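Peer 1: Structure file data_35.txt, compact mmCIF, N, CA and C atoms, is pasted below:
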# COMPACT_ATOMS: atom_id res chain seq x y z
N MET T 26 24.17 -94.59 -21.80
CA MET T 26 23.01 -94.51 -20.96
C MET T 26 21.78 -94.94 -21.73
N ALA T 27 20.97 -95.73 -21.11
CA ALA T 27 19.76 -96.21 -21.75
C ALA T 27 18.73 -95.09 -21.88
N ASN T 28 18.62 -94.24 -20.87
CA ASN T 28 17.66 -93.14 -20.89
C ASN T 28 18.39 -91.83 -21.10
N ALA T 29 17.89 -91.01 -22.03
CA ALA T 29 18.49 -89.69 -22.22
C ALA T 29 18.17 -88.82 -21.01
N GLU T 30 16.99 -88.99 -20.46
CA GLU T 30 16.60 -88.23 -19.28
C GLU T 30 16.40 -89.20 -18.14
N GLN T 31 17.10 -88.98 -17.05
CA GLN T 31 16.93 -89.81 -15.87
C GLN T 31 16.11 -89.01 -14.88
N LYS T 32 14.83 -89.34 -14.81
CA LYS T 32 13.90 -88.59 -13.98
C LYS T 32 12.84 -89.52 -13.44
N GLN T 33 12.45 -89.26 -12.20
CA GLN T 33 11.30 -89.95 -11.62
C GLN T 33 10.38 -88.90 -11.02
N GLN T 34 9.08 -89.11 -11.18
CA GLN T 34 8.13 -88.26 -10.49
C GLN T 34 7.82 -88.92 -9.16
N LEU T 35 8.11 -88.20 -8.10
CA LEU T 35 7.89 -88.69 -6.74
C LEU T 35 6.99 -87.69 -6.03
N GLY T 36 5.74 -88.06 -5.86
CA GLY T 36 4.78 -87.14 -5.22
C GLY T 36 4.65 -85.89 -6.07
N ASP T 37 4.89 -84.72 -5.45
CA ASP T 37 4.78 -83.43 -6.13
C ASP T 37 6.08 -83.00 -6.80
N TRP T 38 7.06 -83.88 -6.83
CA TRP T 38 8.38 -83.52 -7.34
C TRP T 38 8.75 -84.28 -8.60
N ASP T 39 9.49 -83.62 -9.48
CA ASP T 39 10.22 -84.26 -10.56
C ASP T 39 11.67 -84.32 -10.09
N VAL T 40 12.19 -85.51 -9.91
CA VAL T 40 13.55 -85.68 -9.40
C VAL T 40 14.43 -86.15 -10.55
N HIS T 41 15.40 -85.31 -10.91
CA HIS T 41 16.37 -85.62 -11.95
C HIS T 41 17.64 -86.12 -11.28
N TYR T 42 18.24 -87.16 -11.83
CA TYR T 42 19.42 -87.76 -11.19
C TYR T 42 20.39 -88.27 -12.25
N ILE T 43 21.67 -88.27 -11.86
CA ILE T 43 22.70 -88.81 -12.72
C ILE T 43 23.91 -89.15 -11.84
N ALA T 44 24.58 -90.23 -12.22
CA ALA T 44 25.85 -90.61 -11.58
C ALA T 44 26.85 -90.79 -12.72
N PHE T 45 28.03 -90.19 -12.57
CA PHE T 45 29.02 -90.24 -13.65
C PHE T 45 30.43 -90.08 -13.09
N ASN T 46 31.40 -90.44 -13.89
CA ASN T 46 32.80 -90.31 -13.51
C ASN T 46 33.15 -88.83 -13.43
N SER T 47 33.86 -88.44 -12.38
CA SER T 47 34.21 -87.03 -12.17
C SER T 47 35.09 -86.48 -13.28
N THR T 48 35.79 -87.34 -14.03
CA THR T 48 36.63 -86.84 -15.12
C THR T 48 35.80 -86.33 -16.29
N PHE T 49 34.49 -86.58 -16.30
CA PHE T 49 33.64 -86.03 -17.35
C PHE T 49 33.50 -84.52 -17.22
N LEU T 50 33.77 -84.00 -16.01
CA LEU T 50 33.73 -82.55 -15.81
C LEU T 50 34.98 -81.92 -16.42
N THR T 51 34.81 -80.75 -17.01
CA THR T 51 35.98 -80.02 -17.46
C THR T 51 36.71 -79.49 -16.23
N PRO T 52 37.99 -79.24 -16.33
CA PRO T 52 38.71 -78.67 -15.17
C PRO T 52 38.07 -77.37 -14.67
N GLN T 53 37.56 -76.55 -15.57
CA GLN T 53 36.95 -75.28 -15.18
C GLN T 53 35.67 -75.50 -14.37
N VAL T 54 34.83 -76.43 -14.82
CA VAL T 54 33.58 -76.71 -14.11
C VAL T 54 33.88 -77.34 -12.75
N ALA T 55 34.83 -78.26 -12.71
CA ALA T 55 35.21 -78.89 -11.44
C ALA T 55 35.71 -77.85 -10.44
N LYS T 56 36.54 -76.94 -10.91
CA LYS T 56 37.08 -75.90 -10.03
C LYS T 56 35.95 -75.00 -9.52
N ALA T 57 35.06 -74.59 -10.41
CA ALA T 57 33.95 -73.71 -10.03
C ALA T 57 33.04 -74.37 -9.00
N ALA T 58 32.87 -75.69 -9.09
CA ALA T 58 32.00 -76.43 -8.17
C ALA T 58 32.78 -76.98 -6.97
N ASN T 59 34.07 -76.67 -6.90
CA ASN T 59 34.93 -77.15 -5.81
C ASN T 59 34.94 -78.68 -5.74
N LEU T 60 35.10 -79.31 -6.91
CA LEU T 60 35.16 -80.77 -7.01
C LEU T 60 36.50 -81.18 -7.61
N SER T 61 37.05 -82.29 -7.13
CA SER T 61 38.29 -82.78 -7.72
C SER T 61 37.98 -83.84 -8.76
N ARG T 62 38.73 -83.81 -9.84
CA ARG T 62 38.57 -84.79 -10.91
C ARG T 62 39.50 -85.96 -10.62
N ASN T 63 38.93 -87.18 -10.59
CA ASN T 63 39.70 -88.38 -10.31
C ASN T 63 38.99 -89.54 -11.00
N LYS T 64 39.73 -90.35 -11.75
CA LYS T 64 39.09 -91.42 -12.54
C LYS T 64 38.35 -92.45 -11.68
N ASN T 65 38.64 -92.49 -10.38
CA ASN T 65 37.99 -93.45 -9.49
C ASN T 65 36.92 -92.82 -8.59
N ASN T 66 36.51 -91.60 -8.90
CA ASN T 66 35.46 -90.94 -8.14
C ASN T 66 34.25 -90.70 -9.02
N ALA T 67 33.10 -91.01 -8.49
CA ALA T 67 31.83 -90.72 -9.17
C ALA T 67 31.19 -89.51 -8.53
N ILE T 68 30.44 -88.81 -9.34
CA ILE T 68 29.63 -87.69 -8.86
C ILE T 68 28.17 -88.09 -9.02
N ILE T 69 27.42 -87.90 -7.96
CA ILE T 69 25.99 -88.14 -8.01
C ILE T 69 25.35 -86.76 -7.93
N ASN T 70 24.55 -86.42 -8.92
CA ASN T 70 23.94 -85.09 -9.02
C ASN T 70 22.42 -85.26 -9.04
N ILE T 71 21.76 -84.60 -8.10
CA ILE T 71 20.31 -84.69 -7.95
C ILE T 71 19.73 -83.28 -8.01
N SER T 72 18.64 -83.11 -8.74
CA SER T 72 17.89 -81.86 -8.67
C SER T 72 16.41 -82.21 -8.49
N VAL T 73 15.75 -81.42 -7.69
CA VAL T 73 14.35 -81.66 -7.34
C VAL T 73 13.55 -80.44 -7.77
N LEU T 74 12.57 -80.67 -8.63
CA LEU T 74 11.72 -79.59 -9.14
C LEU T 74 10.27 -79.83 -8.75
N ASP T 75 9.54 -78.75 -8.50
CA ASP T 75 8.10 -78.86 -8.31
C ASP T 75 7.49 -79.33 -9.63
N SER T 76 6.69 -80.37 -9.60
CA SER T 76 6.13 -80.94 -10.83
C SER T 76 5.26 -79.96 -11.60
N GLN T 77 4.57 -79.07 -10.91
CA GLN T 77 3.68 -78.12 -11.57
C GLN T 77 4.42 -76.89 -12.11
N THR T 78 5.24 -76.28 -11.26
CA THR T 78 5.89 -75.01 -11.62
C THR T 78 7.28 -75.18 -12.21
N GLN T 79 7.87 -76.36 -12.01
CA GLN T 79 9.25 -76.65 -12.43
C GLN T 79 10.27 -75.77 -11.71
N GLN T 80 9.90 -75.22 -10.57
CA GLN T 80 10.84 -74.44 -9.76
C GLN T 80 11.68 -75.38 -8.91
N ALA T 81 12.98 -75.04 -8.80
CA ALA T 81 13.90 -75.83 -7.98
C ALA T 81 13.45 -75.81 -6.53
N GLN T 82 13.56 -76.96 -5.89
CA GLN T 82 13.15 -77.12 -4.50
C GLN T 82 14.37 -77.29 -3.61
N GLN T 83 14.34 -76.64 -2.46
CA GLN T 83 15.39 -76.81 -1.47
C GLN T 83 14.97 -77.97 -0.57
N VAL T 84 15.80 -79.01 -0.54
CA VAL T 84 15.48 -80.23 0.18
C VAL T 84 16.71 -80.70 0.96
N HIS T 85 16.53 -81.76 1.71
CA HIS T 85 17.64 -82.45 2.37
C HIS T 85 17.71 -83.84 1.76
N ILE T 86 18.91 -84.26 1.37
CA ILE T 86 19.08 -85.57 0.75
C ILE T 86 20.18 -86.33 1.47
N GLY T 87 19.92 -87.59 1.75
CA GLY T 87 20.90 -88.51 2.29
C GLY T 87 20.69 -89.85 1.63
N GLY T 88 21.65 -90.73 1.75
CA GLY T 88 21.43 -92.04 1.16
C GLY T 88 22.66 -92.90 1.12
N ILE T 89 22.51 -94.01 0.40
CA ILE T 89 23.59 -94.99 0.29
C ILE T 89 23.69 -95.48 -1.15
N ALA T 90 24.86 -96.00 -1.45
CA ALA T 90 25.09 -96.74 -2.69
C ALA T 90 25.58 -98.12 -2.27
N ARG T 91 25.03 -99.15 -2.89
CA ARG T 91 25.39 -100.52 -2.54
C ARG T 91 25.78 -101.26 -3.82
N ASN T 92 26.94 -101.97 -3.77
CA ASN T 92 27.32 -102.75 -4.95
C ASN T 92 26.67 -104.13 -4.89
N LEU T 93 26.93 -104.96 -5.90
CA LEU T 93 26.27 -106.26 -5.99
C LEU T 93 26.72 -107.23 -4.90
N LEU T 94 27.87 -106.93 -4.26
CA LEU T 94 28.34 -107.76 -3.14
C LEU T 94 27.74 -107.32 -1.81
N GLY T 95 26.94 -106.24 -1.84
CA GLY T 95 26.31 -105.74 -0.62
C GLY T 95 27.15 -104.72 0.12
N GLN T 96 28.33 -104.38 -0.41
CA GLN T 96 29.15 -103.36 0.24
C GLN T 96 28.48 -102.01 0.07
N GLN T 97 28.42 -101.28 1.15
CA GLN T 97 27.64 -100.05 1.20
C GLN T 97 28.55 -98.83 1.38
N ARG T 98 28.19 -97.75 0.70
CA ARG T 98 28.87 -96.46 0.88
C ARG T 98 27.81 -95.42 1.23
N ASP T 99 28.07 -94.69 2.30
CA ASP T 99 27.17 -93.59 2.67
C ASP T 99 27.42 -92.42 1.74
N LEU T 100 26.36 -91.75 1.35
CA LEU T 100 26.45 -90.59 0.46
C LEU T 100 26.13 -89.33 1.25
N VAL T 101 27.01 -88.36 1.17
CA VAL T 101 26.82 -87.08 1.83
C VAL T 101 26.67 -86.04 0.72
N PHE T 102 25.50 -85.42 0.67
CA PHE T 102 25.21 -84.44 -0.37
C PHE T 102 25.42 -83.02 0.14
N ARG T 103 25.91 -82.19 -0.77
CA ARG T 103 26.00 -80.77 -0.47
C ARG T 103 25.21 -80.00 -1.51
N GLU T 104 24.67 -78.88 -1.10
CA GLU T 104 23.84 -78.08 -1.97
C GLU T 104 24.70 -77.12 -2.78
N VAL T 105 24.40 -77.01 -4.08
CA VAL T 105 25.07 -76.07 -4.97
C VAL T 105 23.99 -75.26 -5.67
N LYS T 106 24.06 -73.93 -5.52
CA LYS T 106 23.09 -73.05 -6.19
C LYS T 106 23.78 -72.40 -7.38
N ASP T 107 23.04 -72.37 -8.49
CA ASP T 107 23.52 -71.75 -9.71
C ASP T 107 22.36 -70.95 -10.29
N GLY T 108 22.28 -69.68 -9.91
CA GLY T 108 21.13 -68.87 -10.29
C GLY T 108 19.88 -69.41 -9.62
N GLU T 109 18.87 -69.73 -10.42
CA GLU T 109 17.62 -70.29 -9.90
C GLU T 109 17.72 -71.80 -9.66
N ALA T 110 18.75 -72.42 -10.21
CA ALA T 110 18.90 -73.89 -10.10
C ALA T 110 19.54 -74.27 -8.77
N ILE T 111 19.11 -75.41 -8.26
CA ILE T 111 19.70 -75.98 -7.03
C ILE T 111 20.06 -77.43 -7.34
N TYR T 112 21.31 -77.79 -7.08
CA TYR T 112 21.79 -79.15 -7.29
C TYR T 112 22.28 -79.71 -5.97
N TYR T 113 22.16 -81.01 -5.82
CA TYR T 113 22.69 -81.70 -4.65
C TYR T 113 23.73 -82.69 -5.17
N ILE T 114 24.96 -82.54 -4.67
CA ILE T 114 26.09 -83.29 -5.20
C ILE T 114 26.74 -84.12 -4.10
N ALA T 115 27.01 -85.38 -4.43
CA ALA T 115 27.80 -86.26 -3.56
C ALA T 115 28.91 -86.85 -4.41
N VAL T 116 30.04 -87.11 -3.76
CA VAL T 116 31.19 -87.73 -4.43
C VAL T 116 31.49 -89.03 -3.71
N MET T 117 31.77 -90.08 -4.48
CA MET T 117 32.08 -91.38 -3.87
C MET T 117 33.07 -92.14 -4.73
N PRO T 118 33.92 -92.95 -4.11
CA PRO T 118 34.84 -93.79 -4.90
C PRO T 118 34.10 -94.98 -5.50
N PHE T 119 34.64 -95.49 -6.61
CA PHE T 119 34.07 -96.68 -7.24
C PHE T 119 35.15 -97.42 -8.00
N ARG T 120 34.83 -98.65 -8.39
CA ARG T 120 35.71 -99.47 -9.21
C ARG T 120 35.15 -99.56 -10.62
N ASN T 121 36.03 -99.74 -11.60
CA ASN T 121 35.59 -99.82 -12.99
C ASN T 121 34.54 -100.92 -13.17
N GLU T 122 33.51 -100.60 -13.92
CA GLU T 122 32.39 -101.49 -14.23
C GLU T 122 31.63 -101.95 -12.98
N GLU T 123 31.63 -101.13 -11.96
CA GLU T 123 30.90 -101.46 -10.73
C GLU T 123 29.43 -101.09 -10.90
N GLN T 124 28.57 -102.07 -10.66
CA GLN T 124 27.12 -101.87 -10.71
C GLN T 124 26.68 -101.44 -9.32
N LEU T 125 26.02 -100.29 -9.23
CA LEU T 125 25.62 -99.75 -7.94
C LEU T 125 24.13 -99.50 -7.88
N ARG T 126 23.58 -99.79 -6.71
CA ARG T 126 22.17 -99.51 -6.44
C ARG T 126 22.13 -98.34 -5.45
N PHE T 127 21.47 -97.27 -5.87
CA PHE T 127 21.39 -96.07 -5.06
C PHE T 127 20.02 -96.01 -4.39
N SER T 128 20.03 -95.66 -3.12
CA SER T 128 18.80 -95.49 -2.36
C SER T 128 18.91 -94.16 -1.62
N LEU T 129 18.10 -93.18 -2.03
CA LEU T 129 18.21 -91.83 -1.48
C LEU T 129 16.91 -91.42 -0.79
N ASP T 130 17.05 -90.76 0.32
CA ASP T 130 15.94 -90.23 1.09
C ASP T 130 15.90 -88.72 0.86
N ILE T 131 14.79 -88.22 0.32
CA ILE T 131 14.64 -86.79 0.02
C ILE T 131 13.56 -86.24 0.93
N ARG T 132 13.91 -85.17 1.67
CA ARG T 132 12.98 -84.61 2.65
C ARG T 132 12.86 -83.10 2.48
N GLN T 133 11.65 -82.62 2.72
CA GLN T 133 11.37 -81.18 2.76
C GLN T 133 10.23 -80.99 3.74
N GLY T 134 10.54 -80.49 4.92
CA GLY T 134 9.51 -80.37 5.96
C GLY T 134 8.94 -81.74 6.28
N THR T 135 7.62 -81.88 6.14
CA THR T 135 6.99 -83.17 6.42
C THR T 135 6.92 -84.08 5.19
N LYS T 136 7.31 -83.56 4.02
CA LYS T 136 7.33 -84.37 2.80
C LYS T 136 8.57 -85.25 2.80
N ARG T 137 8.36 -86.49 2.35
CA ARG T 137 9.50 -87.42 2.30
C ARG T 137 9.27 -88.37 1.13
N GLN T 138 10.29 -88.55 0.31
CA GLN T 138 10.22 -89.46 -0.82
C GLN T 138 11.51 -90.29 -0.90
N GLN T 139 11.41 -91.45 -1.50
CA GLN T 139 12.55 -92.36 -1.67
C GLN T 139 12.85 -92.47 -3.15
N LEU T 140 14.10 -92.19 -3.53
CA LEU T 140 14.55 -92.35 -4.91
C LEU T 140 15.48 -93.55 -4.97
N ASN T 141 15.13 -94.51 -5.82
CA ASN T 141 15.97 -95.69 -6.02
C ASN T 141 16.31 -95.80 -7.50
N PHE T 142 17.60 -96.00 -7.78
CA PHE T 142 18.01 -96.25 -9.16
C PHE T 142 19.29 -97.07 -9.15
N GLU T 143 19.59 -97.64 -10.29
CA GLU T 143 20.76 -98.51 -10.44
C GLU T 143 21.58 -98.02 -11.62
N GLN T 144 22.90 -98.07 -11.48
CA GLN T 144 23.76 -97.63 -12.58
C GLN T 144 25.12 -98.30 -12.50
N LYS T 145 25.67 -98.59 -13.67
CA LYS T 145 27.03 -99.12 -13.78
C LYS T 145 27.95 -97.95 -14.08
N LEU T 146 29.08 -97.89 -13.37
CA LEU T 146 30.03 -96.80 -13.54
C LEU T 146 31.34 -97.33 -14.14
N TYR T 147 31.98 -96.48 -14.92
CA TYR T 147 33.21 -96.85 -15.61
C TYR T 147 34.31 -95.83 -15.36
N THR T 148 35.54 -96.30 -15.24
CA THR T 148 36.68 -95.40 -15.24
C THR T 148 37.07 -95.16 -16.69
N GLU T 149 37.87 -94.15 -16.91
CA GLU T 149 38.30 -93.85 -18.30
C GLU T 149 39.35 -94.82 -18.76
For this file, produce the structure as structure tokens.

Peer 2:
Amino acid sequence: MANAEQKQQLGDWDVHYIAFNSTFLTPQVAKAANLSRNKNNAIINISVLDSQTQQAQQVHIGGIARNLLGQQRDLVFREVKDGEAIYYIAVMPFRNEEQLRFSLDIRQGTKRQQLNFEQKLYTE
């Protein structure tokens, strides 16, 4: 990864994001989060914090991932709470060395922000 921290400030939010192969999860973590480990599945993990207080924000997230050929995959996020932390997780299939452009819509009441990032994913 080029950046140790993948974060964008969008309006009043600090949005942290990462996409990685599901096999990076230990079996225990995958089981606890009700995720299956598969070398061809990526996990997209998003957390949204208030920029001032750094408190986790409850939001709605939807979006797509598009490869360089324009093929699109819809992303369905589910909320995972871990103490005070809130994570939004989506799982999607991918091919080795696939470059993907992610476009996510983050909403909370009348607030709305767009998160765009690009990442190459690898199988083990």

Peer 1: If you run DSSP on this backbone, which residues of chain T come out as strand (DSSP E or B), and could you give them as a VMD selection string?

Peer 2: chain T and resid 32 to 35 38 to 46 66 to 75 81 85 to 92 97 to 101 103 to 107 110 to 118 123 to 133 136 to 146

Peer 1: Would you list the residues near (31.5, -105.3, -9.5) (no more than 7 Å away, in the coordinates of the file, using only N, CA and C atoms) as a list in words?

Peer 2: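 Residues with an atom close enough to that point: Asn92, Leu93, Leu94, Arg120, Asn121, Glu122, Glu123 and Gln124 of chain T.
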
Peer 1: Which value, in Å to one decimal, gives the distance between CA of Thr148 (chain T) and CA of Thr48 (chain T)?

Peer 2: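 Interatomic distance, CA of Thr148 (chain T) to CA of Thr48 (chain T): 8.6 Å.
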
Peer 1: Any idea what the distance is between CA of Phe45 (chain T) and atom N of Ile89 (chain T)?

Peer 2: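 Between these atoms lies a distance of 15.9 Å.
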
Peer 1: Within 12 Å of (10.7, -83.2, 5.1) (file coordinates; only C-alpha atoms), which protein or nucleic acid residues are there? I'd like them as a list in words.

Peer 2: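 Returned residue set, sorted by chain then number, is Gln82, Gln83, Val84, His85, Ile86, Gly87, Asp130, Ile131, Arg132, Gln133, Gly134, Thr135, Lys136, Arg137, Gln138 and Gln139 of chain T.
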